[in-house]
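**Q** Sharing a structure below in C-alpha cells format, with a few things to ask.
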Amino acid sequence: MAAMVVSRSSSSLFSALHNGGVRTLVTSSPQLAAVAGVQAKTKATLGKPGMKNIVLVEGVRTPFLMSGTQYQKLMPHDLARQALTGLVGKMGLDKSVVDYIVMGTVIQEVKTSNVAREAALGAGFSDKTPAHTVTMACISANQAITTCAGLMHAGVYDACIAGGVEFMSDVPIRHSRKMRELMLKLNKAKTTGARLSLLSQLSMKHLMPELPAVAEFSTNETMGHSADRLSAAFKVSREEQDNFALRSHTLAHKAQEAGHLSDVVAFKVPGVDQTVEKDNGIRVSTLEQMAKLRPAFVKPYGTITAANASYLTDGASACLLCTEEKAKEMGWKPKAYVRDFTYVSQDPKDQLLLGPSYATPKVLEKAGLKNSDIDVWEIHEAFAGQILANMKAMDSDWFGKTYQGRSGKVGAPDMDKMNTWGGSLSIGHPFGATGVRLLMHAAHRLIKEDGQYACITACAAGGQGVGMIVERYPGATM
C-alpha cells in the first residue's frame, strides 16, 4: 500500500498550487483512473475469512429541514426519538432484540449531553439497553456506524442501532466567561452583603454572550472561509460551483419526485398543523439567480455563496446494523454489507476539507478495489467548491506525488455515478445525522442501479475524513 504521507509542510499547499502545481488539475469532467498499485477485484464478494459479516438491515431519517422552520420548537432528543420510533415502525422491530445504540451529534444540548440515551428511553427502548453519543463533526453518524460494526466484529453484540441528530434551530448560547464566573461565585455566596458586593462588579462586558460558530478552534477560521481559500487554490470558479450546486438540487428534486428518498419517515410535529413529509431545502433555481448572490465569507471576491454551500439543518437518522447470522435468525432482509472503512486526518488549516482525497485511495486499497470497481459514489457535499477541489486533487498527478506520496494521481470518481440523488447541498446537512443518510443512499442506489460496490466519503472539521465501502446484499430490495 502506498504511504499516506505529506512530503512537505501542508501549510505550503495553497502557495504551491498557485506556483504551478495546479497546472496538472484539469477543469473538465474527471475521468476514471486506477489507484496506483492496487489489484482490482473481479466483482467478487468482499467477505473475509474468519471475520463476521456486518449487514445494514434498514435505515430511516426524519425529513431534513432548514433550521428555524417546522422543528424550531423541539429539542434534539425529540428528533432523535422520532428517528428511532420511525425505524421501529418501518420494520415492526422488536425493541428487545437491540443490544446497543450509538448516535452522533456535534453541537450538544447541555440538558441531554448523552442524547442517544435520552432518545432511546423516549422511544420506548428498555432501560437495560445501553446507549452512548459520539462526536466527530460532520462524520459523527459515520463514527456511530463504525463503532457499532466494531462492537459486533468483536463479538460483544449482535444487533445495534446507529444514528445521529443535529438541531440548529436552538444552539446553546453561553454567557461570557466573566459572567459565568460571577454567577458561580453568587451561587456560593452565603450572605446578602456578599451577594450585593459581587453584583456591584457587574458591567456591560459581563453581558456580552458567546455565540457559537462553525469555526475551527485551532485556527479560529470559519469552515466557509477555508472552503473559499481551498476553491481559490484549486482554481475552482464561481461558475463551476454554481453549476454543481444546481446539479445537486436538480437531482435531489428528481429523486424526491420519483419516490427514491424512501428513507424519509413522516413526522407529525407537535404544534404544527401539517405533517412534515419531505425535505424542505431542495430548491431548483437558475444560474442567473444564483449569480446574483454575494459572497458569504471572503468579501468581496470570494466564490462561496448561500447558493453553493450547504445550509444549517435540523434532522435525525437511525439504522439497524447486525451480524449476518442475526439477520438470518430474525428473518430480516438486509440491504447491504458494511465492509471496509477508514478515517484520515490532515492539517486543519490548509487541508481542512480534503478528507475525501485522502480517504478514497486508502479505503479502496484496504478493500482491494480500484475506482472503476465502484458503481455508486456518495460524497458529502459541504460546499460545491470543496467537492470540486477534491475532484481536482484526486485527478492531479502533482497532488498525488507531492502530498500523498504516490506514483501518480488517485483518479477522481465518475461524476455519472456520484450523488445522483442529490447531496448535502440540496437535501441538507444535519451535522450529526448525515452519515446514515449517505449510507442509505448508497445502499438504495446499489439496488436501484443494479450495482455491487459503493464508496462513501466525507470531510469533517478538524481536517478529518472518512471512507467506507458498502456491498449490495444478494437479493436486496428497496
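Each chain in the C-alpha cells gets a letter, A, B and so on, in the order shown; residues start at 1 in every chain, and ligands are counted from 1 in the order they appear.
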Residues of segment 371-471 of chain A that have any atom at most 10 Å from an atom of segment 147-162 of chain A: could you tabulate them with the shortest-distance atom pair and the distance in Å to one decimal, using only C-alpha atoms, ordered by chain and increasing number, as CSV?
**A**
residue,atom,partner,partner_atom,distance
A:Ala433,CA,A:Ala162,CA,9.8
A:Gly435,CA,A:Ala162,CA,9.7
A:Val436,CA,A:Ala162,CA,7.8
**Q** Would you save the residues of that selection, restricted to all heavy atoms, as a PDB file, in the first residue's frame?
**A**
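Written file, out32.pdb:
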ATOM      1  N   ALA A 433     -26.145  13.701  11.674  1.00  0.00           N
ATOM      2  CA  ALA A 433     -27.047  12.696  11.086  1.00  0.00           C
ATOM      3  C   ALA A 433     -26.721  12.311   9.655  1.00  0.00           C
ATOM      4  O   ALA A 433     -27.227  11.303   9.146  1.00  0.00           O
ATOM      5  CB  ALA A 433     -28.488  13.208  11.144  1.00  0.00           C
ATOM      6  N   GLY A 435     -24.238  10.972   8.046  1.00  0.00           N
ATOM      7  CA  GLY A 435     -23.587   9.693   7.738  1.00  0.00           C
ATOM      8  C   GLY A 435     -24.558   8.577   7.418  1.00  0.00           C
ATOM      9  O   GLY A 435     -24.332   7.782   6.501  1.00  0.00           O
ATOM     10  N   VAL A 436     -25.663   8.497   8.153  1.00  0.00           N
ATOM     11  CA  VAL A 436     -26.666   7.458   7.880  1.00  0.00           C
ATOM     12  C   VAL A 436     -27.380   7.762   6.568  1.00  0.00           C
ATOM     13  O   VAL A 436     -27.700   6.846   5.798  1.00  0.00           O
ATOM     14  CB  VAL A 436     -27.665   7.325   9.043  1.00  0.00           C
ATOM     15  CG1 VAL A 436     -28.836   6.420   8.664  1.00  0.00           C
ATOM     16  CG2 VAL A 436     -26.971   6.773  10.287  1.00  0.00           C
TER      17      VAL A 436
END
**Q** Please identify which residues in segment 183-316 of chain A DSSP calls strand (DSSP E or B) from the backbone, and express them as a PyMOL selection string.
**A** chain A and resi 210+215+222+264+267+276+309+313-316
**Q** Using only N, CA, C and O atoms, please write the residues we just selected to a file, as a PDB file, in the first residue's frame.
**A**
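Saved the output as part35.pdb:
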ATOM      1  N   GLU A 210     -21.462  34.582  24.346  1.00  0.00           N
ATOM      2  CA  GLU A 210     -20.553  33.858  23.458  1.00  0.00           C
ATOM      3  C   GLU A 210     -21.404  33.103  22.443  1.00  0.00           C
ATOM      4  O   GLU A 210     -22.099  32.143  22.791  1.00  0.00           O
ATOM      5  N   ALA A 215     -16.597  27.092  13.216  1.00  0.00           N
ATOM      6  CA  ALA A 215     -15.218  27.529  13.033  1.00  0.00           C
ATOM      7  C   ALA A 215     -14.270  26.550  13.709  1.00  0.00           C
ATOM      8  O   ALA A 215     -14.644  25.847  14.655  1.00  0.00           O
ATOM      9  N   THR A 222     -13.539  30.170  10.055  1.00  0.00           N
ATOM     10  CA  THR A 222     -14.799  29.516   9.741  1.00  0.00           C
ATOM     11  C   THR A 222     -14.586  28.531   8.595  1.00  0.00           C
ATOM     12  O   THR A 222     -13.706  28.717   7.755  1.00  0.00           O
ATOM     13  N   VAL A 264     -36.959   8.519   4.170  1.00  0.00           N
ATOM     14  CA  VAL A 264     -37.616   9.590   4.921  1.00  0.00           C
ATOM     15  C   VAL A 264     -38.918   9.073   5.534  1.00  0.00           C
ATOM     16  O   VAL A 264     -39.744   8.474   4.845  1.00  0.00           O
ATOM     17  N   PHE A 267     -43.271  12.980   9.898  1.00  0.00           N
ATOM     18  CA  PHE A 267     -43.205  13.376  11.299  1.00  0.00           C
ATOM     19  C   PHE A 267     -44.336  14.355  11.585  1.00  0.00           C
ATOM     20  O   PHE A 267     -44.393  15.437  11.021  1.00  0.00           O
ATOM     21  N   VAL A 276     -45.016  16.796   8.528  1.00  0.00           N
ATOM     22  CA  VAL A 276     -43.806  17.043   7.736  1.00  0.00           C
ATOM     23  C   VAL A 276     -43.440  15.751   7.018  1.00  0.00           C
ATOM     24  O   VAL A 276     -43.157  14.728   7.661  1.00  0.00           O
ATOM     25  N   ALA A 309     -23.403  26.465  -1.004  1.00  0.00           N
ATOM     26  CA  ALA A 309     -22.962  25.898   0.269  1.00  0.00           C
ATOM     27  C   ALA A 309     -24.135  25.167   0.914  1.00  0.00           C
ATOM     28  O   ALA A 309     -25.296  25.483   0.674  1.00  0.00           O
ATOM     29  N   THR A 313     -29.150  22.919   9.161  1.00  0.00           N
ATOM     30  CA  THR A 313     -30.237  21.937   9.000  1.00  0.00           C
ATOM     31  C   THR A 313     -30.567  21.249  10.316  1.00  0.00           C
ATOM     32  O   THR A 313     -29.674  20.926  11.108  1.00  0.00           O
ATOM     33  N   ASP A 314     -31.850  20.996  10.539  1.00  0.00           N
ATOM     34  CA  ASP A 314     -32.325  20.164  11.647  1.00  0.00           C
ATOM     35  C   ASP A 314     -32.706  18.795  11.089  1.00  0.00           C
ATOM     36  O   ASP A 314     -33.371  18.709  10.047  1.00  0.00           O
ATOM     37  N   GLY A 315     -32.323  17.739  11.790  1.00  0.00           N
ATOM     38  CA  GLY A 315     -32.711  16.405  11.337  1.00  0.00           C
ATOM     39  C   GLY A 315     -32.062  15.310  12.151  1.00  0.00           C
ATOM     40  O   GLY A 315     -31.111  15.551  12.914  1.00  0.00           O
ATOM     41  N   ALA A 316     -32.588  14.106  12.000  1.00  0.00           N
ATOM     42  CA  ALA A 316     -32.055  12.941  12.713  1.00  0.00           C
ATOM     43  C   ALA A 316     -32.183  11.704  11.839  1.00  0.00           C
ATOM     44  O   ALA A 316     -32.998  11.657  10.906  1.00  0.00           O
TER      45      ALA A 316
END
**Q** In Å to one decimal, how far is atom CA of Glu216 of chain A from atom CA of Arg437 of chain A?
**A** 24.6 Å
**Q** With only C-alpha atoms as the counted atoms, please give the residues lying no more than 12 Å from Gln256 of chain A, apart from itself and same-chain residues fewer than 3 positions off, as a compact mmCIF listing (two decimals) with all heavy atoms, in the first residue's frame.
**A**
# COMPACT_ATOMS: atom_id res chain seq x y z
N PRO A 63 -37.50 14.00 7.87
CA PRO A 63 -37.22 14.98 6.82
C PRO A 63 -36.16 15.96 7.32
O PRO A 63 -36.19 16.37 8.48
CB PRO A 63 -38.58 15.66 6.62
CG PRO A 63 -39.59 14.63 7.05
CD PRO A 63 -38.94 13.93 8.20
N HIS A 249 -29.28 20.19 -6.52
CA HIS A 249 -30.70 20.47 -6.27
C HIS A 249 -31.60 19.83 -7.33
O HIS A 249 -32.67 19.30 -7.00
CB HIS A 249 -30.93 21.99 -6.24
CG HIS A 249 -30.52 22.63 -4.95
ND1 HIS A 249 -31.38 22.77 -3.89
CD2 HIS A 249 -29.33 23.14 -4.55
CE1 HIS A 249 -30.75 23.36 -2.88
NE2 HIS A 249 -29.50 23.60 -3.26
N THR A 250 -31.15 19.85 -8.57
CA THR A 250 -31.96 19.26 -9.65
C THR A 250 -32.10 17.76 -9.47
O THR A 250 -33.21 17.20 -9.58
CB THR A 250 -31.31 19.57 -11.02
OG1 THR A 250 -31.22 20.98 -11.19
CG2 THR A 250 -32.14 18.98 -12.15
N LEU A 251 -31.00 17.09 -9.14
CA LEU A 251 -31.03 15.63 -8.96
C LEU A 251 -31.83 15.26 -7.71
O LEU A 251 -32.56 14.26 -7.72
CB LEU A 251 -29.61 15.08 -8.87
CG LEU A 251 -28.80 15.14 -10.16
CD1 LEU A 251 -27.36 14.70 -9.92
CD2 LEU A 251 -29.43 14.27 -11.24
N ALA A 252 -31.70 16.05 -6.65
CA ALA A 252 -32.46 15.77 -5.43
C ALA A 252 -33.95 15.93 -5.68
O ALA A 252 -34.78 15.13 -5.21
CB ALA A 252 -32.01 16.70 -4.31
N HIS A 253 -34.31 16.97 -6.43
CA HIS A 253 -35.73 17.19 -6.76
C HIS A 253 -36.29 16.03 -7.57
O HIS A 253 -37.39 15.54 -7.29
CB HIS A 253 -35.87 18.50 -7.54
CG HIS A 253 -37.28 18.79 -7.97
ND1 HIS A 253 -38.28 19.16 -7.10
CD2 HIS A 253 -37.86 18.74 -9.21
CE1 HIS A 253 -39.41 19.32 -7.76
NE2 HIS A 253 -39.18 19.08 -9.04
N GLY A 259 -39.82 9.31 -5.79
CA GLY A 259 -40.01 8.46 -4.62
C GLY A 259 -38.77 7.68 -4.21
O GLY A 259 -38.87 6.71 -3.44
N HIS A 260 -37.60 8.10 -4.68
CA HIS A 260 -36.37 7.38 -4.34
C HIS A 260 -35.91 7.62 -2.91
O HIS A 260 -35.20 6.79 -2.34
CB HIS A 260 -35.24 7.76 -5.29
CG HIS A 260 -35.47 7.37 -6.72
ND1 HIS A 260 -36.29 6.31 -7.07
CD2 HIS A 260 -34.98 7.88 -7.88
CE1 HIS A 260 -36.31 6.20 -8.39
NE2 HIS A 260 -35.53 7.13 -8.89
N LEU A 261 -36.31 8.75 -2.33
CA LEU A 261 -35.85 9.08 -0.97
C LEU A 261 -36.75 8.39 0.06
O LEU A 261 -37.37 9.00 0.93
CB LEU A 261 -35.85 10.59 -0.77
CG LEU A 261 -35.11 11.41 -1.84
CD1 LEU A 261 -35.07 12.88 -1.47
CD2 LEU A 261 -33.69 10.86 -2.04
N SER A 262 -36.78 7.07 -0.04
CA SER A 262 -37.70 6.26 0.75
C SER A 262 -37.25 6.07 2.19
O SER A 262 -37.95 5.44 2.99
CB SER A 262 -37.90 4.89 0.09
OG SER A 262 -36.66 4.23 -0.08
N ASP A 263 -36.06 6.58 2.54
CA ASP A 263 -35.62 6.50 3.93
C ASP A 263 -36.28 7.56 4.80
O ASP A 263 -36.20 7.51 6.03
CB ASP A 263 -34.09 6.63 4.02
CG ASP A 263 -33.55 7.88 3.35
OD1 ASP A 263 -34.20 8.37 2.40
OD2 ASP A 263 -32.48 8.36 3.76
N VAL A 264 -36.96 8.52 4.17
CA VAL A 264 -37.62 9.59 4.92
C VAL A 264 -38.92 9.07 5.53
O VAL A 264 -39.74 8.47 4.84
CB VAL A 264 -37.92 10.80 4.00
CG1 VAL A 264 -38.69 11.87 4.78
CG2 VAL A 264 -36.63 11.38 3.44
N GLU A 277 -43.44 15.78 5.70
CA GLU A 277 -43.25 14.56 4.92
C GLU A 277 -42.00 14.56 4.05
O GLU A 277 -41.60 13.50 3.56
CB GLU A 277 -44.48 14.32 4.04
CG GLU A 277 -45.75 14.08 4.83
CD GLU A 277 -46.95 13.83 3.93
OE1 GLU A 277 -46.91 14.26 2.76
OE2 GLU A 277 -47.92 13.19 4.41
N LYS A 278 -41.40 15.72 3.82
CA LYS A 278 -40.24 15.74 2.93
C LYS A 278 -39.27 16.85 3.29
O LYS A 278 -39.62 17.78 4.02
CB LYS A 278 -40.68 15.88 1.47
CG LYS A 278 -41.43 17.16 1.15
CD LYS A 278 -41.86 17.17 -0.31
CE LYS A 278 -42.58 18.46 -0.67
NZ LYS A 278 -42.97 18.48 -2.12
N ASP A 279 -38.05 16.73 2.80
CA ASP A 279 -37.02 17.75 3.00
C ASP A 279 -37.50 19.07 2.40
O ASP A 279 -38.10 19.09 1.32
CB ASP A 279 -35.72 17.33 2.31
CG ASP A 279 -35.31 15.90 2.65
OD1 ASP A 279 -35.36 15.56 3.84
OD2 ASP A 279 -34.93 15.15 1.73
N ASN A 280 -37.20 20.18 3.08
CA ASN A 280 -37.72 21.46 2.60
C ASN A 280 -36.65 22.40 2.04
O ASN A 280 -36.95 23.56 1.74
CB ASN A 280 -38.53 22.16 3.69
CG ASN A 280 -37.67 22.73 4.80
OD1 ASN A 280 -36.45 22.54 4.84
ND2 ASN A 280 -38.30 23.43 5.73
N GLY A 281 -35.43 21.92 1.89
CA GLY A 281 -34.38 22.78 1.38
C GLY A 281 -34.03 22.56 -0.08
O GLY A 281 -33.14 23.22 -0.62
N ILE A 282 -34.72 21.62 -0.72
CA ILE A 282 -34.44 21.33 -2.13
C ILE A 282 -35.14 22.39 -2.97
O ILE A 282 -36.37 22.45 -3.03
CB ILE A 282 -34.94 19.92 -2.50
CG1 ILE A 282 -34.27 18.86 -1.62
CG2 ILE A 282 -34.70 19.64 -3.97
CD1 ILE A 282 -34.83 17.45 -1.79
N ARG A 283 -34.36 23.22 -3.63
CA ARG A 283 -34.92 24.33 -4.41
C ARG A 283 -34.14 24.48 -5.71
O ARG A 283 -32.98 24.86 -5.70
CB ARG A 283 -34.84 25.62 -3.60
CG ARG A 283 -35.67 25.57 -2.33
CD ARG A 283 -35.63 26.85 -1.54
NE ARG A 283 -36.48 26.77 -0.37
CZ ARG A 283 -36.65 27.77 0.51
NH1 ARG A 283 -36.03 28.93 0.30
NH2 ARG A 283 -37.43 27.61 1.55
N THR A 420 -26.15 10.92 -7.42
CA THR A 420 -27.17 11.08 -8.46
C THR A 420 -28.58 11.29 -7.90
O THR A 420 -29.52 11.51 -8.67
CB THR A 420 -27.18 9.87 -9.42
OG1 THR A 420 -27.43 8.68 -8.68
CG2 THR A 420 -25.84 9.76 -10.15
N TRP A 421 -28.71 11.24 -6.59
CA TRP A 421 -29.98 11.59 -5.94
C TRP A 421 -29.83 12.89 -5.15
O TRP A 421 -30.61 13.16 -4.25
CB TRP A 421 -30.46 10.47 -5.02
CG TRP A 421 -30.92 9.24 -5.75
CD1 TRP A 421 -31.02 9.06 -7.10
CD2 TRP A 421 -31.36 8.01 -5.16
NE1 TRP A 421 -31.48 7.80 -7.39
CE2 TRP A 421 -31.70 7.12 -6.22
CE3 TRP A 421 -31.50 7.55 -3.86
CZ2 TRP A 421 -32.17 5.82 -6.00
CZ3 TRP A 421 -31.96 6.26 -3.63
CH2 TRP A 421 -32.29 5.40 -4.70
N GLY A 422 -28.85 13.69 -5.51
CA GLY A 422 -28.59 14.90 -4.77
C GLY A 422 -27.66 14.64 -3.60
O GLY A 422 -27.19 13.52 -3.39
N GLY A 423 -27.39 15.68 -2.84
CA GLY A 423 -26.47 15.55 -1.72
C GLY A 423 -26.74 16.59 -0.66
O GLY A 423 -27.81 17.21 -0.62
N SER A 426 -28.26 20.14 -1.27
CA SER A 426 -29.68 20.27 -1.58
C SER A 426 -30.57 19.63 -0.52
O SER A 426 -31.57 20.23 -0.08
CB SER A 426 -29.98 19.62 -2.95
OG SER A 426 -29.40 18.32 -3.02
N ILE A 427 -30.23 18.43 -0.10
CA ILE A 427 -31.05 17.69 0.86
C ILE A 427 -30.92 18.26 2.26
O ILE A 427 -31.85 18.24 3.06
CB ILE A 427 -30.67 16.19 0.83
CG1 ILE A 427 -31.09 15.59 -0.51
CG2 ILE A 427 -31.31 15.44 1.98
CD1 ILE A 427 -30.56 14.20 -0.75
**Q** Would you compute the distance between atom CA of Leu87 of chain A and atom CA of Pro430 of chain A? Give it in Å to one decimal.
**A**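 Pair atom CA of Leu87 of chain A / atom CA of Pro430 of chain A returns 18.1 Å.
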**Q** Wanna dump the segment 258-319 of chain A-segment 237-240 of chain A contacts at 12 Å for me, each residue with its shortest atom pair and the distance in Å to one decimal, counting only C-alpha atoms, ordered by chain and number, as JSON lines?
**A**
{"residue": "A:Thr286", "atom": "CA", "partner": "A:Glu239", "partner_atom": "CA", "distance": 11.9}
{"residue": "A:Leu287", "atom": "CA", "partner": "A:Glu239", "partner_atom": "CA", "distance": 8.3}
{"residue": "A:Glu288", "atom": "CA", "partner": "A:Glu239", "partner_atom": "CA", "distance": 10.4}
{"residue": "A:Met290", "atom": "CA", "partner": "A:Glu239", "partner_atom": "CA", "distance": 9.5}
{"residue": "A:Ala291", "atom": "CA", "partner": "A:Glu239", "partner_atom": "CA", "distance": 8.0}
{"residue": "A:Lys292", "atom": "CA", "partner": "A:Arg238", "partner_atom": "CA", "distance": 11.4}
{"residue": "A:Leu293", "atom": "CA", "partner": "A:Arg238", "partner_atom": "CA", "distance": 10.9}
{"residue": "A:Arg294", "atom": "CA", "partner": "A:Arg238", "partner_atom": "CA", "distance": 10.9}
{"residue": "A:Pro295", "atom": "CA", "partner": "A:Arg238", "partner_atom": "CA", "distance": 9.7}
{"residue": "A:Tyr301", "atom": "CA", "partner": "A:Arg238", "partner_atom": "CA", "distance": 10.0}
{"residue": "A:Gly302", "atom": "CA", "partner": "A:Arg238", "partner_atom": "CA", "distance": 8.4}
{"residue": "A:Thr303", "atom": "CA", "partner": "A:Arg238", "partner_atom": "CA", "distance": 5.0}
{"residue": "A:Ile304", "atom": "CA", "partner": "A:Arg238", "partner_atom": "CA", "distance": 7.4}
{"residue": "A:Thr305", "atom": "CA", "partner": "A:Arg238", "partner_atom": "CA", "distance": 8.9}
{"residue": "A:Ala307", "atom": "CA", "partner": "A:Arg238", "partner_atom": "CA", "distance": 10.7}
{"residue": "A:Asn308", "atom": "CA", "partner": "A:Arg238", "partner_atom": "CA", "distance": 8.8}
{"residue": "A:Ala309", "atom": "CA", "partner": "A:Arg238", "partner_atom": "CA", "distance": 11.7}
**Q** Can you pull out the residues contacting Ser218 of chain A? Cut-off 10 Å, using only C-alpha atoms, and skip same-chain residues under 3 positions away; I want them as a list in words.
**A**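 Counting only C-alpha atoms, the residues come to Ala215, Glu221, Pro348, Lys349 and Gly462 of chain A.
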**Q** Could you write those residues out with N, CA, C and O atoms, as a PDB file, in the first residue's frame?
**A**
ATOM      1  N   ALA A 215     -16.597  27.092  13.216  1.00  0.00           N
ATOM      2  CA  ALA A 215     -15.218  27.529  13.033  1.00  0.00           C
ATOM      3  C   ALA A 215     -14.270  26.550  13.709  1.00  0.00           C
ATOM      4  O   ALA A 215     -14.644  25.847  14.655  1.00  0.00           O
ATOM      5  N   GLU A 221     -10.736  29.879  12.161  1.00  0.00           N
ATOM      6  CA  GLU A 221     -11.244  30.182  10.824  1.00  0.00           C
ATOM      7  C   GLU A 221     -12.560  29.463  10.594  1.00  0.00           C
ATOM      8  O   GLU A 221     -12.687  28.270  10.903  1.00  0.00           O
ATOM      9  N   PRO A 348      -5.522  21.037   9.726  1.00  0.00           N
ATOM     10  CA  PRO A 348      -6.835  21.694   9.684  1.00  0.00           C
ATOM     11  C   PRO A 348      -6.819  23.101   9.110  1.00  0.00           C
ATOM     12  O   PRO A 348      -7.886  23.691   8.933  1.00  0.00           O
ATOM     13  N   LYS A 349      -5.674  23.629   8.809  1.00  0.00           N
ATOM     14  CA  LYS A 349      -5.625  24.973   8.249  1.00  0.00           C
ATOM     15  C   LYS A 349      -5.729  24.946   6.725  1.00  0.00           C
ATOM     16  O   LYS A 349      -6.635  25.528   6.142  1.00  0.00           O
ATOM     17  N   GLY A 462     -11.742  19.832  11.733  1.00  0.00           N
ATOM     18  CA  GLY A 462     -10.530  19.274  12.316  1.00  0.00           C
ATOM     19  C   GLY A 462      -9.591  18.697  11.284  1.00  0.00           C
ATOM     20  O   GLY A 462      -8.557  18.128  11.625  1.00  0.00           O
TER      21      GLY A 462
END
**Q** Pick out the closest residue to Ala83 of chain A from this set: A:Val466, A:Ala296, A:Ala119, A:Ala327. Count only C-alpha atoms.
**A**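 Nearest candidate to Ala83 of chain A out of A:Val466, A:Ala296, A:Ala119, A:Ala327: A:Ala119.
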**Q** Which residues are close to Asn419 of chain A, i.e. within 7 Å by only C-alpha atoms, leaving aside same-chain residues fewer than 6 positions away? Reply as a list of chain:residue names.
**A**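 Neighbouring residues, sequence-local ones excluded: A:Trp377, A:Glu378, A:Ile379.
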**Q** Go ahead and compute the interatomic distance for atom CA of Leu74 of chain A and atom CA of Val88 of chain A, in Å to one decimal.
**A**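 Spanning atom CA of Leu74 of chain A to atom CA of Val88 of chain A is a straight-line distance of 20.8 Å.
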**Q** Residues at most 8 Å from Thr342 of chain A, counting only C-alpha atoms, excluding those fewer than 5 positions away in the same chain, as an MDAnalysis selection string?
**A** chainID A and resid 359 362:363 466:468
